[in-house]
$ cat start26.cif   # mmCIF, C-alpha atoms
data_upload
#
loop_
_atom_site.group_PDB
_atom_site.id
_atom_site.type_symbol
_atom_site.label_atom_id
_atom_site.label_comp_id
_atom_site.auth_asym_id
_atom_site.auth_seq_id
_atom_site.Cartn_x
_atom_site.Cartn_y
_atom_site.Cartn_z
ATOM 1 C CA GLN L 513 68.594 109.042 108.093
ATOM 2 C CA VAL L 514 69.173 106.319 110.661
ATOM 3 C CA GLN L 515 69.021 102.651 109.758
ATOM 4 C CA LEU L 516 68.493 100.319 112.676
ATOM 5 C CA LEU L 517 69.072 96.593 112.792
ATOM 6 C CA GLU L 518 67.799 94.210 115.460
ATOM 7 C CA SER L 519 69.176 90.777 116.278
ATOM 8 C CA GLY L 520 68.901 88.135 118.971
ATOM 9 C CA GLY L 521 65.370 86.882 118.531
ATOM 10 C CA GLY L 522 64.480 83.231 118.525
ATOM 11 C CA LEU L 523 62.452 80.429 120.061
ATOM 12 C CA VAL L 524 62.661 79.905 123.807
ATOM 13 C CA GLN L 525 60.680 78.020 126.417
ATOM 14 C CA ALA L 526 58.633 79.838 129.010
ATOM 15 C CA GLY L 527 60.861 80.969 131.854
ATOM 16 C CA GLY L 528 63.856 81.311 129.571
ATOM 17 C CA SER L 529 65.867 84.350 128.534
ATOM 18 C CA LEU L 530 66.872 86.150 125.380
ATOM 19 C CA ARG L 531 68.940 89.263 124.738
ATOM 20 C CA LEU L 532 67.985 91.467 121.830
ATOM 21 C CA SER L 533 70.438 93.895 120.264
ATOM 22 C CA CYS L 534 69.841 97.072 118.306
ATOM 23 C CA ALA L 535 72.590 98.632 116.213
ATOM 24 C CA ALA L 536 72.749 101.419 113.660
ATOM 25 C CA LEU L 537 74.129 100.728 110.218
ATOM 26 C CA GLY L 538 77.148 102.843 109.355
ATOM 27 C CA ARG L 539 77.199 104.817 112.597
ATOM 28 C CA THR L 540 77.096 104.489 116.370
ATOM 29 C CA LEU L 541 74.022 105.043 118.499
ATOM 30 C CA SER L 542 75.696 107.958 120.234
ATOM 31 C CA GLY L 543 73.219 110.752 120.812
ATOM 32 C CA LEU L 544 70.215 108.585 120.016
ATOM 33 C CA SER L 545 67.522 107.630 122.454
ATOM 34 C CA ILE L 546 66.256 104.135 121.659
ATOM 35 C CA GLY L 547 62.940 102.462 122.257
ATOM 36 C CA TRP L 548 61.826 98.863 121.934
ATOM 37 C CA PHE L 549 58.323 98.032 120.766
ATOM 38 C CA ARG L 550 56.608 94.755 119.978
ATOM 39 C CA GLN L 551 53.706 93.640 117.879
ATOM 40 C CA ALA L 552 51.948 90.302 118.079
ATOM 41 C CA PRO L 553 49.761 88.994 115.234
ATOM 42 C CA GLY L 554 46.369 90.681 115.257
ATOM 43 C CA LYS L 555 47.419 93.163 117.932
ATOM 44 C CA GLU L 556 48.559 96.753 117.918
ATOM 45 C CA ARG L 557 52.174 97.711 118.397
ATOM 46 C CA GLU L 558 52.967 98.277 122.055
ATOM 47 C CA PHE L 559 55.745 99.993 123.946
ATOM 48 C CA VAL L 560 58.182 97.720 125.760
ATOM 49 C CA ALA L 561 61.133 99.810 127.004
ATOM 50 C CA ALA L 562 63.143 102.903 126.184
ATOM 51 C CA ILE L 563 66.393 104.515 127.241
ATOM 52 C CA ASN L 564 67.602 108.089 126.734
ATOM 53 C CA TRP L 565 70.754 108.871 124.813
ATOM 54 C CA ARG L 566 72.869 109.249 127.938
ATOM 55 C CA GLY L 567 71.665 106.004 129.421
ATOM 56 C CA THR L 568 70.633 107.867 132.572
ATOM 57 C CA SER L 569 66.916 107.236 132.341
ATOM 58 C CA ALA L 570 64.779 104.315 131.220
ATOM 59 C CA ALA L 571 61.115 103.366 131.133
ATOM 60 C CA TYR L 572 59.310 100.055 130.929
ATOM 61 C CA ALA L 573 55.842 98.818 130.171
ATOM 62 C CA ASP L 574 54.117 97.466 133.264
ATOM 63 C CA SER L 575 53.902 94.045 131.632
ATOM 64 C CA VAL L 576 57.700 93.685 131.487
ATOM 65 C CA LYS L 577 58.858 95.537 134.613
ATOM 66 C CA GLY L 578 61.140 93.396 136.716
ATOM 67 C CA ARG L 579 61.742 90.970 133.846
ATOM 68 C CA PHE L 580 63.235 93.090 131.034
ATOM 69 C CA THR L 581 66.214 95.422 131.235
ATOM 70 C CA ILE L 582 67.274 97.955 128.604
ATOM 71 C CA SER L 583 70.894 99.091 128.487
ATOM 72 C CA ARG L 584 73.465 100.549 126.145
ATOM 73 C CA ASP L 585 77.142 99.775 125.832
ATOM 74 C CA ASN L 586 79.903 102.272 126.569
ATOM 75 C CA ALA L 587 81.042 102.391 122.963
ATOM 76 C CA GLU L 588 77.508 103.427 122.001
ATOM 77 C CA LYS L 589 77.330 100.860 119.313
ATOM 78 C CA THR L 590 74.510 98.721 120.682
ATOM 79 C CA VAL L 591 71.398 98.970 122.813
ATOM 80 C CA TYR L 592 70.341 95.753 124.490
ATOM 81 C CA LEU L 593 67.041 94.410 125.733
ATOM 82 C CA GLN L 594 67.661 91.632 128.220
ATOM 83 C CA MET L 595 64.501 89.574 128.571
ATOM 84 C CA ASN L 596 64.217 87.163 131.482
ATOM 85 C CA SER L 597 61.381 84.990 132.782
ATOM 86 C CA LEU L 598 59.795 85.027 129.362
ATOM 87 C CA LYS L 599 56.118 84.192 129.032
ATOM 88 C CA PRO L 600 54.119 82.970 126.026
ATOM 89 C CA GLU L 601 52.404 86.361 125.947
ATOM 90 C CA ASP L 602 55.783 87.957 125.194
ATOM 91 C CA THR L 603 55.671 86.314 121.769
ATOM 92 C CA ALA L 604 55.866 89.088 119.158
ATOM 93 C CA ALA L 605 58.023 90.807 116.590
ATOM 94 C CA TYR L 606 60.311 93.185 118.481
ATOM 95 C CA SER L 607 61.550 96.375 116.856
ATOM 96 C CA CYS L 608 63.893 99.098 117.997
ATOM 97 C CA ALA L 609 63.320 102.713 117.087
ATOM 98 C CA ALA L 610 64.935 106.126 117.338
ATOM 99 C CA PRO L 611 63.264 109.539 117.599
ATOM 100 C CA PRO L 612 63.977 112.269 115.022
ATOM 101 C CA VAL L 613 66.024 114.383 117.444
ATOM 102 C CA SER L 614 68.201 113.695 120.467
ATOM 103 C CA THR L 615 66.408 114.125 123.763
ATOM 104 C CA LEU L 616 67.077 113.394 127.398
ATOM 105 C CA MET L 617 63.438 112.449 127.732
ATOM 106 C CA VAL L 618 62.429 108.814 127.532
ATOM 107 C CA VAL L 619 59.834 108.536 124.783
ATOM 108 C CA THR L 620 57.182 105.867 125.248
ATOM 109 C CA ALA L 621 54.749 106.713 122.441
ATOM 110 C CA SER L 622 55.413 105.151 119.053
ATOM 111 C CA SER L 623 54.440 108.458 117.419
ATOM 112 C CA GLY L 624 57.575 109.955 118.936
ATOM 113 C CA TYR L 625 59.843 107.751 116.847
ATOM 114 C CA ALA L 626 60.932 108.382 113.278
ATOM 115 C CA TYR L 627 63.331 105.549 112.509
ATOM 116 C CA TRP L 628 62.461 101.879 112.842
ATOM 117 C CA GLY L 629 64.265 98.605 112.370
ATOM 118 C CA GLN L 630 62.631 95.698 110.582
ATOM 119 C CA GLY L 631 62.213 93.659 113.714
ATOM 120 C CA THR L 632 63.271 90.324 115.154
ATOM 121 C CA GLN L 633 60.848 87.563 116.081
ATOM 122 C CA VAL L 634 60.608 86.291 119.633
ATOM 123 C CA THR L 635 58.567 83.147 120.212
ATOM 124 C CA VAL L 636 58.010 81.788 123.708
ATOM 125 C CA SER L 637 56.610 78.289 123.948
ATOM 126 C CA SER L 638 54.591 77.094 126.930
#
$ encode --input "start26.cif" --output "structure tokens"
Amino acid sequence: QVQLLESGGGLVQAGGSLRLSCAALGRTLSGLSIGWFRQAPGKEREFVAAINWRGTSAAYADSVKGRFTISRDNAEKTVYLQMNSLKPEDTAAYSCAAPPVSTLMVVTASSGYAYWGQGTQVTVSS
């Protein structure tokens, strides 16, 4: 069982930046690939970014490429989602997730994830 906790959400003006963090309760993220997803009111959950457990490969949704960066720290305690040039359409609840087994593959489908955090709200005002 993996319990994930997100932090770093908030209210920001368009063009601003936020950095989201994902940590695991009671353990490090070592060996865990991590994905970020978001869900806006009335919309389906969508993939944002993911990074494999070694940090050697990452993937991004087309809508965030060039603006968002996913990374993980050397102590393997936190995975970050740096969000720059934020747009009102980025407004959503952002959740991090981990797949059931370690893999070097970057998983982009939500069905590939077994453990989910409760999410952190990001609101971008125009």
$ residues_around --input "start26.cif" --residues "Leu541 of chain L" --least-positions-apart "2" --cutoff "6 Å" --atoms "all atoms listed in the file" --output "ChimeraX atom specification"
/L:544,588-589
$ resolve_selection --input "start26.cif" --expression "the PyMOL selection byres ((chain L and resi 548) around 10)" --output "compact mmCIF listing (two decimals) with C-alpha atoms, in the frame of the given file"
# COMPACT_ATOMS: atom_id res chain seq x y z
CA GLU L 518 67.80 94.21 115.46
CA LEU L 532 67.98 91.47 121.83
CA CYS L 534 69.84 97.07 118.31
CA ILE L 546 66.26 104.14 121.66
CA GLY L 547 62.94 102.46 122.26
CA PHE L 549 58.32 98.03 120.77
CA ARG L 550 56.61 94.76 119.98
CA GLU L 558 52.97 98.28 122.06
CA PHE L 559 55.74 99.99 123.95
CA VAL L 560 58.18 97.72 125.76
CA ALA L 561 61.13 99.81 127.00
CA ALA L 562 63.14 102.90 126.18
CA ILE L 563 66.39 104.52 127.24
CA TYR L 572 59.31 100.06 130.93
CA ILE L 582 67.27 97.96 128.60
CA VAL L 591 71.40 98.97 122.81
CA TYR L 592 70.34 95.75 124.49
CA LEU L 593 67.04 94.41 125.73
CA TYR L 606 60.31 93.18 118.48
CA SER L 607 61.55 96.38 116.86
CA CYS L 608 63.89 99.10 118.00
CA ALA L 609 63.32 102.71 117.09
CA ALA L 610 64.94 106.13 117.34
CA THR L 620 57.18 105.87 125.25
CA SER L 622 55.41 105.15 119.05
CA TRP L 628 62.46 101.88 112.84
CA GLY L 629 64.26 98.60 112.37
CA GLY L 631 62.21 93.66 113.71
$ resolve_selection --input "start26.cif" --expression "the PyMOL selection byres ((chain L and resi 528) around 10)" --output "JSON, numbers by chain"
{"L": [523, 524, 525, 526, 527, 529, 530, 595, 596, 597, 598, 599, 636, 637]}
$ closest_residue --input "start26.cif" --among "L:Ser583, L:Ser569, L:Gln513, L:Ser614" --to "Ser542 of chain L" --atoms "all atoms listed in the file"
L:Ser614
$ resolve_selection --input "start26.cif" --expression "the PyMOL selection byres ((chain L and resi 580) around 6)" --output "PyMOL selection string"
chain L and resi 576+579+581+594-595
$ atom_distance --input "start26.cif" --atom1 "atom CA of Ala604 of chain L" --atom2 "atom CA of Leu517 of chain L"
16.5 Å
$ atom_distance --input "start26.cif" --atom1 "atom CA of Arg539 of chain L" --atom2 "atom CA of Thr632 of chain L"
20.3 Å
$ axis_aligned_box --input "start26.cif" --around "segment 544-551 of chain L" --padding-each-side "8 Å" --output "lines of an AutoDock Vina configuration file"
center_x = 62.0
center_y = 101.1
center_z = 120.2
size_x = 32.5
size_y = 30.9
size_z = 20.6
$ decode --input "start26.cif" --residues "segment 584-618 of chain L" --atoms "N, CA and C atoms" --output "PDB file, in the first residue's frame"
ATOM      1  N   ARG L 584      12.366  14.536 -10.017  1.00  0.00           N
ATOM      2  CA  ARG L 584      12.370  13.888  -8.709  1.00  0.00           C
ATOM      3  C   ARG L 584      13.681  14.189  -8.023  1.00  0.00           C
ATOM      4  N   ASP L 585      13.658  14.307  -6.705  1.00  0.00           N
ATOM      5  CA  ASP L 585      14.877  14.703  -6.011  1.00  0.00           C
ATOM      6  C   ASP L 585      15.780  13.493  -5.775  1.00  0.00           C
ATOM      7  N   ASN L 586      17.048  13.765  -5.500  1.00  0.00           N
ATOM      8  CA  ASN L 586      18.031  12.692  -5.372  1.00  0.00           C
ATOM      9  C   ASN L 586      17.772  11.787  -4.176  1.00  0.00           C
ATOM     10  N   ALA L 587      17.150  12.319  -3.165  1.00  0.00           N
ATOM     11  CA  ALA L 587      16.844  11.519  -1.978  1.00  0.00           C
ATOM     12  C   ALA L 587      15.582  10.688  -2.169  1.00  0.00           C
ATOM     13  N   GLU L 588      14.952  10.841  -3.332  1.00  0.00           N
ATOM     14  CA  GLU L 588      13.766  10.067  -3.683  1.00  0.00           C
ATOM     15  C   GLU L 588      12.617  10.244  -2.713  1.00  0.00           C
ATOM     16  N   LYS L 589      12.561  11.437  -2.155  1.00  0.00           N
ATOM     17  CA  LYS L 589      11.472  11.663  -1.227  1.00  0.00           C
ATOM     18  C   LYS L 589      10.313  12.400  -1.871  1.00  0.00           C
ATOM     19  N   THR L 590      10.606  13.120  -2.975  1.00  0.00           N
ATOM     20  CA  THR L 590       9.581  13.983  -3.562  1.00  0.00           C
ATOM     21  C   THR L 590       9.684  13.979  -5.082  1.00  0.00           C
ATOM     22  N   VAL L 591       8.528  14.006  -5.725  1.00  0.00           N
ATOM     23  CA  VAL L 591       8.455  14.257  -7.160  1.00  0.00           C
ATOM     24  C   VAL L 591       7.781  15.611  -7.330  1.00  0.00           C
ATOM     25  N   TYR L 592       8.362  16.420  -8.198  1.00  0.00           N
ATOM     26  CA  TYR L 592       7.870  17.780  -8.394  1.00  0.00           C
ATOM     27  C   TYR L 592       7.222  17.941  -9.763  1.00  0.00           C
ATOM     28  N   LEU L 593       6.264  18.841  -9.824  1.00  0.00           N
ATOM     29  CA  LEU L 593       5.714  19.280 -11.102  1.00  0.00           C
ATOM     30  C   LEU L 593       5.817  20.801 -11.124  1.00  0.00           C
ATOM     31  N   GLN L 594       6.823  21.280 -11.845  1.00  0.00           N
ATOM     32  CA  GLN L 594       7.010  22.719 -11.991  1.00  0.00           C
ATOM     33  C   GLN L 594       6.112  23.212 -13.125  1.00  0.00           C
ATOM     34  N   MET L 595       5.249  24.144 -12.808  1.00  0.00           N
ATOM     35  CA  MET L 595       4.279  24.630 -13.790  1.00  0.00           C
ATOM     36  C   MET L 595       4.529  26.112 -14.036  1.00  0.00           C
ATOM     37  N   ASN L 596       4.934  26.429 -15.252  1.00  0.00           N
ATOM     38  CA  ASN L 596       5.201  27.806 -15.640  1.00  0.00           C
ATOM     39  C   ASN L 596       4.201  28.261 -16.702  1.00  0.00           C
ATOM     40  N   SER L 597       4.142  29.558 -16.902  1.00  0.00           N
ATOM     41  CA  SER L 597       3.250  30.136 -17.925  1.00  0.00           C
ATOM     42  C   SER L 597       1.841  29.569 -17.799  1.00  0.00           C
ATOM     43  N   LEU L 598       1.335  29.569 -16.601  1.00  0.00           N
ATOM     44  CA  LEU L 598       0.029  28.966 -16.354  1.00  0.00           C
ATOM     45  C   LEU L 598      -1.078  29.714 -17.067  1.00  0.00           C
ATOM     46  N   LYS L 599      -2.073  28.947 -17.496  1.00  0.00           N
ATOM     47  CA  LYS L 599      -3.222  29.480 -18.226  1.00  0.00           C
ATOM     48  C   LYS L 599      -4.496  29.157 -17.445  1.00  0.00           C
ATOM     49  N   PRO L 600      -5.546  29.927 -17.656  1.00  0.00           N
ATOM     50  CA  PRO L 600      -6.812  29.613 -16.955  1.00  0.00           C
ATOM     51  C   PRO L 600      -7.281  28.184 -17.208  1.00  0.00           C
ATOM     52  N   GLU L 601      -6.989  27.652 -18.380  1.00  0.00           N
ATOM     53  CA  GLU L 601      -7.416  26.286 -18.690  1.00  0.00           C
ATOM     54  C   GLU L 601      -6.615  25.233 -17.940  1.00  0.00           C
ATOM     55  N   ASP L 602      -5.586  25.628 -17.219  1.00  0.00           N
ATOM     56  CA  ASP L 602      -4.856  24.700 -16.355  1.00  0.00           C
ATOM     57  C   ASP L 602      -5.551  24.523 -15.005  1.00  0.00           C
ATOM     58  N   THR L 603      -6.582  25.297 -14.760  1.00  0.00           N
ATOM     59  CA  THR L 603      -7.316  25.195 -13.501  1.00  0.00           C
ATOM     60  C   THR L 603      -7.918  23.803 -13.352  1.00  0.00           C
ATOM     61  N   ALA L 604      -7.585  23.129 -12.253  1.00  0.00           N
ATOM     62  CA  ALA L 604      -8.050  21.762 -12.009  1.00  0.00           C
ATOM     63  C   ALA L 604      -7.540  21.289 -10.659  1.00  0.00           C
ATOM     64  N   ALA L 605      -8.045  20.147 -10.234  1.00  0.00           N
ATOM     65  CA  ALA L 605      -7.471  19.438  -9.099  1.00  0.00           C
ATOM     66  C   ALA L 605      -6.387  18.520  -9.649  1.00  0.00           C
ATOM     67  N   TYR L 606      -5.179  18.651  -9.126  1.00  0.00           N
ATOM     68  CA  TYR L 606      -4.040  17.875  -9.598  1.00  0.00           C
ATOM     69  C   TYR L 606      -3.724  16.768  -8.599  1.00  0.00           C
ATOM     70  N   SER L 607      -3.583  15.552  -9.128  1.00  0.00           N
ATOM     71  CA  SER L 607      -3.289  14.402  -8.283  1.00  0.00           C
ATOM     72  C   SER L 607      -2.053  13.686  -8.784  1.00  0.00           C
ATOM     73  N   CYS L 608      -1.265  13.153  -7.852  1.00  0.00           N
ATOM     74  CA  CYS L 608      -0.173  12.283  -8.257  1.00  0.00           C
ATOM     75  C   CYS L 608      -0.589  10.837  -8.018  1.00  0.00           C
ATOM     76  N   ALA L 609       0.058   9.947  -8.749  1.00  0.00           N
ATOM     77  CA  ALA L 609      -0.320   8.541  -8.701  1.00  0.00           C
ATOM     78  C   ALA L 609       0.890   7.661  -8.932  1.00  0.00           C
ATOM     79  N   ALA L 610       0.799   6.428  -8.430  1.00  0.00           N
ATOM     80  CA  ALA L 610       1.868   5.455  -8.608  1.00  0.00           C
ATOM     81  C   ALA L 610       1.282   4.149  -9.138  1.00  0.00           C
ATOM     82  N   PRO L 611       1.981   3.484 -10.055  1.00  0.00           N
ATOM     83  CA  PRO L 611       1.501   2.214 -10.577  1.00  0.00           C
ATOM     84  C   PRO L 611       1.693   1.094  -9.555  1.00  0.00           C
ATOM     85  N   PRO L 612       1.086  -0.053  -9.766  1.00  0.00           N
ATOM     86  CA  PRO L 612       1.181  -1.142  -8.778  1.00  0.00           C
ATOM     87  C   PRO L 612       2.550  -1.793  -8.689  1.00  0.00           C
ATOM     88  N   VAL L 613       3.339  -1.712  -9.775  1.00  0.00           N
ATOM     89  CA  VAL L 613       4.673  -2.302  -9.769  1.00  0.00           C
ATOM     90  C   VAL L 613       5.668  -1.314 -10.354  1.00  0.00           C
ATOM     91  N   SER L 614       6.933  -1.481  -9.983  1.00  0.00           N
ATOM     92  CA  SER L 614       7.975  -0.608 -10.533  1.00  0.00           C
ATOM     93  C   SER L 614       8.180  -0.932 -12.009  1.00  0.00           C
ATOM     94  N   THR L 615       8.369   0.107 -12.796  1.00  0.00           N
ATOM     95  CA  THR L 615       8.597  -0.082 -14.221  1.00  0.00           C
ATOM     96  C   THR L 615       9.458   1.050 -14.743  1.00  0.00           C
ATOM     97  N   LEU L 616      10.289   0.729 -15.733  1.00  0.00           N
ATOM     98  CA  LEU L 616      11.070   1.769 -16.378  1.00  0.00           C
ATOM     99  C   LEU L 616      10.247   2.496 -17.430  1.00  0.00           C
ATOM    100  N   MET L 617       9.072   1.946 -17.728  1.00  0.00           N
ATOM    101  CA  MET L 617       8.212   2.595 -18.700  1.00  0.00           C
ATOM    102  C   MET L 617       7.531   3.796 -18.067  1.00  0.00           C
ATOM    103  N   VAL L 618       7.232   4.786 -18.873  1.00  0.00           N
ATOM    104  CA  VAL L 618       6.474   5.937 -18.406  1.00  0.00           C
ATOM    105  C   VAL L 618       5.013   5.668 -18.741  1.00  0.00           C
TER     106      VAL L 618
END
